[in-house]
Protein chains: 2
Amino acid sequence: MKNKNWGGLRKGAGRKVGSGVYGERTKVIRVPESRVYDIRDYLARTQSSNIVEFLSIENNLNTNPRVLFEHKVAAGFPSPADDHAEKKLDLNDYLIGQKETTFFVRIKGDSMIDASIHDGDIVIIDRSRQAKIGDIVLASIDGDFTVKILSNQGGRPRLLPANEKYRPIDIKKDTTFEIWGTVTGAVRKFK
Amino acid sequence: MKNKNWGGLRKGAGRKVGSGVYGERTKVIRVPESRVYDIRDYLARTQSSNIVEFLSIENNLNTNPRVLFEHKVAAGFPSPADDHAEKKLDLNDYLIGQKETTFFVRIKGDSMIDASIHDGDIVIIDRSRQAKIGDIVLASIDGDFTVKILSNQGGRPRLLPANEKYRPIDIKKDTTFEIWGTVTGAVRKFK
DNA sequence: ATTTTGATTAATGTTACAATATTCAAAATG
DNA sequence: CATTTTGAATATTGTAACATTAATCAAAAT
């Protein structure tokens, strides 16, 4: 092992404060042995809790079909005004399957960012759809709501964040757990 | 202080295991600083819980044999939105400002992924809105359409991808360049 | 353009430590 | 006789310290 003459210290080097999974400094506390895993789960799920508000669907939905351009148009852009044979799209039609079983949730935080669900997004939830492993679901754990990927671990539910900075949440037998619906879409407004 | 010749060790003396407040052995765990108080609270709360649980064991997800979790479920509300939602939402109203000047474009590729616009997304474009520096715009460069962040460089337009794997696009003088509208939103369907 | 490099600094799980509390029965106390 | 005092040992409990791993930077190498 010979020393190369590069690498080593320079200003700004060294790990940064808050670069751990919690994004802040930590502290050690003493807890009863039997509660260790319980507390870790509680921490994991509250750290990645990501529901801001619930929104129910409007009773009388407006229809507003607009032109959708799906392909690159090589020879000039057809004016959005002269929609001769253009495909038209209505957002409610596109995003909502059954309006009777659909509602919305506004998301906060970045625990689902790798599933392209971002801070401030509104996700669309259909409670009539049967959740399958791998689906993004709205679930409640001891009354706390969260949107996560449904998985399982040894026959018990496990909720996966879509961000490696967050930890999976294992649902134990004596935990109150419920799946309220599957996430079928997401919308976002810019600025 | 003189030693008396009584007191001291005898068999059975010494503090007993489990004689602390938790009645069992303890362990130290590391938790985020901001959660310390909260966790102590959670510990105390759940330890001294004397709430009679009106919960039943049910099979959730009962139509898919691959997913069968046994767990407690809350005595059910049909939808959490019924219970928690104050507002109602119509996606057309939420996402579309000027309906006459709005159209949609489906996005291909990942060049705008850091602006949370993903492959397959449909973006909402309003051509009545004056594009400003920093806006996400639909532009055409010599007839090729692209969605990028509008910037400038030495008085000439520059289009920035939101993905470091892609290069900024500088618009030269003899290039046909047009801005067709600003991106006001994006929607995505899952699966 | 990407990978390798090494000194430094932080994160993280565990152990160690210091101070306090508990326990016992014999002896002292009243 | 009932209660209090006594001291060595052992546990509890909060915190400090430690070891290992991870992250960070820009120069040099590839």
# chains A, B, ... in the order shown; residues from 1 in each chain; ligands from 1
$ residues_around --residues "DA17 of chain D" --least-positions-apart "4" --cutoff "9 Å" --atoms "only C-alpha atoms (C1' of nucleotides)" --output "JSON, numbers by chain"
{"C": [15, 16, 17]}
$ calpha_fit_rmsd --fixed "chain A" --moving "chain B"
23.2 Å
$ residues_around --residues "Ala139 of chain A" --least-positions-apart "6" --cutoff "8 Å" --atoms "only C-alpha atoms (C1' of nucleotides)" --output "PyMOL selection string"
chain A and resi 145-148+177-181
$ closest_atom_pairs --of "chain D" --to "chain A" --cutoff "10 Å" --atoms "only C-alpha atoms (C1' of nucleotides)" --output "tab-separated table"
residue	atom	partner	partner_atom	distance
D:DT13	C1'	A:Arg30	CA	7.5
D:DG14	C1'	A:Arg30	CA	7.7
D:DT15	C1'	A:Val28	CA	8.3
D:DA22	C1'	A:Arg15	CA	7.9
D:DA23	C1'	A:Arg15	CA	4.5
D:DT24	C1'	A:Gly14	CA	4.4
D:DC25	C1'	A:Ala13	CA	4.1
D:DA26	C1'	A:Arg10	CA	7.2
D:DA27	C1'	A:Trp6	CA	5.8
D:DA28	C1'	A:Trp6	CA	6.0
D:DA29	C1'	A:Trp6	CA	9.6
$ write_last_selection --atoms "C-alpha atoms (C1' of nucleotides)" --output "CSV table (one decimal), in the first residue's frame"
chain,number,residue,atom,x,y,z
D,13,DT,C1',-30.7,5.1,34.2
D,14,DG,C1',-29.0,8.9,31.7
D,15,DT,C1',-24.9,10.2,29.2
D,22,DA,C1',-20.3,6.6,5.4
D,23,DA,C1',-19.8,11.0,3.2
D,24,DT,C1',-17.2,14.8,1.4
D,25,DC,C1',-13.9,17.4,-1.2
D,26,DA,C1',-10.7,18.5,-5.4
D,27,DA,C1',-6.4,16.9,-7.4
D,28,DA,C1',-4.6,13.4,-10.0
D,29,DA,C1',-5.1,9.4,-12.8
$ residues_around --residues "Thr101 of chain A" --least-positions-apart "3" --cutoff "8 Å" --atoms "only C-alpha atoms (C1' of nucleotides)" --output "PDB file with N, CA, C and O atoms, in the first residue's frame"
ATOM      1  N   GLN A  98     -63.709   5.391 -11.294  1.00  0.00           N
ATOM      2  CA  GLN A  98     -65.061   5.421 -10.749  1.00  0.00           C
ATOM      3  C   GLN A  98     -65.169   6.606  -9.816  1.00  0.00           C
ATOM      4  O   GLN A  98     -64.524   6.636  -8.757  1.00  0.00           O
ATOM      5  N   ASP A 126     -58.417   5.365  -5.452  1.00  0.00           N
ATOM      6  CA  ASP A 126     -59.647   4.609  -5.719  1.00  0.00           C
ATOM      7  C   ASP A 126     -59.775   3.526  -4.660  1.00  0.00           C
ATOM      8  O   ASP A 126     -58.940   2.634  -4.576  1.00  0.00           O
ATOM      9  N   ARG A 127     -60.813   3.606  -3.851  1.00  0.00           N
ATOM     10  CA  ARG A 127     -60.939   2.647  -2.766  1.00  0.00           C
ATOM     11  C   ARG A 127     -61.643   1.375  -3.213  1.00  0.00           C
ATOM     12  O   ARG A 127     -61.773   0.433  -2.441  1.00  0.00           O
ATOM     13  N   SER A 128     -62.099   1.352  -4.457  1.00  0.00           N
ATOM     14  CA  SER A 128     -62.763   0.141  -4.931  1.00  0.00           C
ATOM     15  C   SER A 128     -61.763  -0.849  -5.515  1.00  0.00           C
ATOM     16  O   SER A 128     -62.090  -2.002  -5.740  1.00  0.00           O
TER      17      SER A 128
END
$ atom_distance --atom1 "atom CA of Arg167 of chain B" --atom2 "atom CA of Met112 of chain B"
11.5 Å
$ residues_around --residues "Tyr94 of chain B" --least-positions-apart "6" --cutoff "10 Å" --atoms "only C-alpha atoms (C1' of nucleotides)" --output "mmCIF file with N, CA and C atoms, in the first residue's frame"
data_model
loop_
_atom_site.group_PDB
_atom_site.id
_atom_site.type_symbol
_atom_site.label_atom_id
_atom_site.label_comp_id
_atom_site.auth_asym_id
_atom_site.auth_seq_id
_atom_site.Cartn_x
_atom_site.Cartn_y
_atom_site.Cartn_z
ATOM 1 N N VAL A 187 -51.267 14.394 -9.534
ATOM 2 C CA VAL A 187 -51.259 15.645 -10.298
ATOM 3 C C VAL A 187 -50.455 16.691 -9.539
ATOM 4 N N ARG A 188 -49.950 17.619 -10.318
ATOM 5 C CA ARG A 188 -49.106 18.652 -9.714
ATOM 6 C C ARG A 188 -49.294 19.949 -10.474
ATOM 7 N N LYS A 189 -49.336 21.019 -9.748
ATOM 8 C CA LYS A 189 -49.401 22.341 -10.357
ATOM 9 C C LYS A 189 -48.039 22.995 -10.213
ATOM 10 N N GLY B 185 -48.861 22.512 -15.189
ATOM 11 C CA GLY B 185 -49.106 21.349 -14.334
ATOM 12 C C GLY B 185 -48.709 20.069 -15.028
#
$ closest_residue --among "B:Arg158, B:Arg106, B:Ile125, B:Lys165" --to "chain C" --atoms "only C-alpha atoms (C1' of nucleotides)"
B:Lys165
$ closest_atom_pairs --of "chain C" --to "chain A" --cutoff "7 Å" --atoms "only C-alpha atoms (C1' of nucleotides)" --output "tab-separated table"
residue	atom	partner	partner_atom	distance
C:DT5	C1'	A:Gly7	CA	4.4
C:DG6	C1'	A:Gly8	CA	3.7
C:DA7	C1'	A:Gly8	CA	4.1
C:DT8	C1'	A:Gly14	CA	5.0
C:DT9	C1'	A:Gly14	CA	4.3
C:DA10	C1'	A:Arg15	CA	5.1
C:DA11	C1'	A:Gly20	CA	5.7
